[in-house]
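> Structure incoming, see below.
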Amino acid sequence: MTAVPMGAAGTADTGDATDAGDAGRVPGRPVVPLSRNRDYNVLWTSQLLSELALEIAAVAVPLLLIARHGSPVQLGLASSALAAAHMIAVVPAGVLADRWDRRRLMLGCQLLRVLGTASLAGALLLGRYAFWHMLLVVVTDGFLGSVFDPAEHAALPQVVPPAQLSTAVARNAARPYVATLVGPAVAGFLFAALPSGPFLANAAMFVLSSAALCFLRLPRGRTGTGARRRPADRQAAGPEGAGPEGADNDGPGAGADAMAGFRWVLGQPVIRTTMAWMLVTNLVFSALLIVLLALSGEDRVGPGELGLTMACFGVGGLLGGLLAARLHGAVRPPVILLGFAWTAVAATAVMALVPAGLPQGGLLAVLAFLAPLANTTVLTHQLTVTPDALRGRMSGVAGFCSGGAGVLGPALGGALTGMAGGVAAVLLCAGCLLVVALAATLSPTLRRFPAPASES
């Protein structure tokens with residue numbers, strides 16, 4: 001689960017369509033269903049193309065290294081370099097999303113990704129592949145993706161009205177699972193036909209994403225760094241919308257702006273608690289996936305069944321994302337969050353008892369089905385209370401936490417499997433999730449998690 005921030009509910013100034021509370025409502029433009037919201041669909045499609053390219057590359061790069069007789073050290077170096085690029089870039093990227101024009105920032109990232117991916121495809125076609133070249137492209141793509149994401153997250157409330165926010169977040173939650181289902185299969189098919197094929201496809205996707213962004217319209221006059229927020233904005237923000245000192249975009253530089261994002265998170269009890277909960281949960285799940293893969297190897301699960309097992313995760317997440325908006329409106333937020341926490345404990349414990357392969361994949365599908373609902377609940381609140389001037393930085397802080405869990409989790413899963421064995425490692429993961437569920441149940445913040453403003 002990834003925390004994504006957004007603007008302050010109820011902070012609208014009727015004269016400015018870019019204020020947090022009036023996000024997505026441009027003067028003279030009627031509120032329309034999301035299916036007919038042109039700018040939301042442009043933004044959604046652009047990010048879907050980026051996520052598809054990411055999933056294709058995640059399979060194509062290892063295949064390329066194997067085909068070129070790359071060593072396991074090279075494969076590990078490529079994965080570590082990508083993770084490091086993300087961790088280094090994501091917090092400064094949040095500052096850029098608050099300082100610069102978001103549409104131009106996203107467009108620039110996609111165009112640079114076209115050049116990088118096309119250069120690697122061209123090198124393969126000309127027989128001039130080099131590991132350093134591939135590594136440079138991977139690192140650059142990871143960096144640019146980390147810059148693109150906070151800008152996309154922060155732009156969402158500018159094109160979606162508050163009343164449709166939870167629905168938009170739920171649809172966005174389903175998007176990565178679409179990429180997960182489609183991307184790996186496309187990568188394998190294209191690579192088998194032509195090694196440069198997946199990279200040519202990625203370059204084409206980034207071209208299409210860039211073309212879509214050319215038609216994106218974001219309201220002008222957005223509050224940004226260097227422009228002092230008006231007194232009306234501060235008054236409307238309320239206790240949770242009032243940023244910490246230094247959050248008024250008057251800071252002397254990017255470093256102060258980045259620290260303002262961290263201070264904002266630490267100063268908001270609900271955001272701080274849910275972000276910590278999501279961080280630990282992500283860490284355990286990242287470890288659990290590695291443990292399950294290792295356990296499948298121990299039990300000699302075939303490649304076909306292993307692929308179907310991982311596909312279960314994508315199918316469950318996609319179905320959960322499609323139904324998240326409806327369930328989010330029907331179930332109280334504390335029930336959703338605590339229900340997910342305890343279901344995770346039960347499902348993980350049962351994984352230690354059932355055979356490896358598809359039975360464990362079915363349990364993964366249950367967790368993946370509930371994850372978008374929990375995400376929608378948490379992210380809708382964050383997108384509702386964070387002022388526009390801090391949206392990018394909030395997303396950067398959230399991405400930093402999520403990236404840290406993604407880096408440490410697999411290492412933790414490998415260590416647990418090596419020390420205790422597969423089944424015992426699954427039980428240890430269940431024990432960690434039990435501690436998380438108990439802490440969540442005892443937390444007044446999660447037990448009284450606020451309903452969306454439109455529903456309260």
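Chain identifiers are assigned as A, B, and so on, following the order in which chains appear in the structure tokens; residues are numbered from 1 within each chain, and ligands are numbered from 1 in order of appearance.
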Hey, which bits of region 398-436 of chain A sit within 12 Å of region 343-350 of chain A, and for each residue what's the closest pair of atoms and how far apart in Å (one decimal), counting only C-alpha atoms, rows by chain and increasing number, as a tab-separated table?

residue	atom	partner	partner_atom	distance
A:Val423	CA	A:Ala349	CA	9.8
A:Ala424	CA	A:Ala349	CA	10.3
A:Ala425	CA	A:Ala349	CA	10.5
A:Val426	CA	A:Thr348	CA	6.9
A:Leu427	CA	A:Ala349	CA	5.9
A:Leu428	CA	A:Ala349	CA	9.0
A:Cys429	CA	A:Thr348	CA	7.3
A:Ala430	CA	A:Thr348	CA	5.3
A:Gly431	CA	A:Val345	CA	7.6
A:Cys432	CA	A:Val345	CA	8.5
A:Leu433	CA	A:Val345	CA	5.5
A:Leu434	CA	A:Val345	CA	5.6
A:Val435	CA	A:Val345	CA	9.2
A:Val436	CA	A:Val345	CA	9.0
> Just the residues within 9 Å of His328 (chain A), please, counting only C-alpha atoms, with nothing from its chain fewer than 5 positions along; format it as a list of chain:residue names.
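These residues fall inside the cut-off: A:Ser166, A:Thr167, A:Ala170, A:Leu323, A:Pro333, A:Ile336, A:Leu373, A:Ala374, A:Thr376, A:Thr377.
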> Restricted to C-alpha atoms, what would the selected residues look like written as an mmCIF file, in the first residue's frame?

data_model
loop_
_atom_site.group_PDB
_atom_site.id
_atom_site.type_symbol
_atom_site.label_atom_id
_atom_site.label_comp_id
_atom_site.auth_asym_id
_atom_site.auth_seq_id
_atom_site.Cartn_x
_atom_site.Cartn_y
_atom_site.Cartn_z
ATOM 1 C CA SER A 166 -12.798 8.421 -3.103
ATOM 2 C CA THR A 167 -14.038 6.987 -6.405
ATOM 3 C CA ALA A 170 -10.259 3.597 -5.849
ATOM 4 C CA LEU A 323 -15.289 -2.558 -6.032
ATOM 5 C CA PRO A 333 -13.454 3.493 7.865
ATOM 6 C CA ILE A 336 -12.194 -1.319 6.877
ATOM 7 C CA LEU A 373 -10.211 -0.700 -0.098
ATOM 8 C CA ALA A 374 -7.836 0.059 2.779
ATOM 9 C CA THR A 376 -8.829 4.169 -0.682
ATOM 10 C CA THR A 377 -9.853 4.845 2.919
#
> Counting only C-alpha atoms, figure out which residue out of A:Leu82, A:Leu112, A:Ala58, A:Leu408 gets nearest to Val139 (chain A).
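Looking only at the distances to Val139 (chain A), the closest residue turns out to be A:Leu82.
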> Check the smallest atom-to-atom distance from each of A:Met310, A:Leu289, A:Val366, A:Arg300 to Leu416 (chain A) using only C-alpha atoms, then report the winner.
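Going through A:Met310, A:Leu289, A:Val366, A:Arg300 one by one, the smallest distance to Leu416 (chain A) is for A:Leu289.
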> So, counting only C-alpha atoms, which residue among A:Gln268, A:Leu322, A:Gly362, A:Gly188 is closest to Thr309 (chain A)?
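Distance minimum relative to Thr309 (chain A) lands on A:Gly362.
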> Write down as a PyMOL selection string the residues of region 84-298 of chain A whose backbone DSSP state falls under alpha helix (DSSP H).
chain A and resi 84-99+102-125+131-159+165-193+197-213+231-241+254-267+269-298
> Pick out the residues sitting within 12 Å of Tyr129 (chain A), and hand them over as a PyMOL selection string; count only C-alpha atoms, and ignore anything fewer than 5 positions along from it in its own chain.
chain A and resi 64-65+67-68+70+119-124+134-135+137+195-196
> Mind writing the picked residues with C-alpha atoms as a PDB file, in the first residue's frame?

ATOM      1  CA  LEU A  64      18.185  -9.410 -21.153  1.00  0.00           C
ATOM      2  CA  LEU A  65      20.845 -10.036 -18.523  1.00  0.00           C
ATOM      3  CA  ALA A  67      20.391 -13.813 -22.454  1.00  0.00           C
ATOM      4  CA  ARG A  68      23.629 -11.814 -22.430  1.00  0.00           C
ATOM      5  CA  GLY A  70      24.949 -11.566 -17.109  1.00  0.00           C
ATOM      6  CA  SER A 119      18.657   4.412 -26.843  1.00  0.00           C
ATOM      7  CA  LEU A 120      18.801   0.959 -25.245  1.00  0.00           C
ATOM      8  CA  ALA A 121      16.519  -0.528 -27.912  1.00  0.00           C
ATOM      9  CA  GLY A 122      18.699   1.039 -30.595  1.00  0.00           C
ATOM     10  CA  ALA A 123      21.872  -0.365 -29.036  1.00  0.00           C
ATOM     11  CA  LEU A 124      20.352  -3.862 -29.050  1.00  0.00           C
ATOM     12  CA  MET A 134      21.520  -0.736 -19.554  1.00  0.00           C
ATOM     13  CA  LEU A 135      22.327   0.198 -15.951  1.00  0.00           C
ATOM     14  CA  VAL A 137      18.914   3.587 -18.505  1.00  0.00           C
ATOM     15  CA  PRO A 195      15.239  -8.844 -27.567  1.00  0.00           C
ATOM     16  CA  SER A 196      14.798  -5.136 -28.261  1.00  0.00           C
TER      17      SER A 196
END
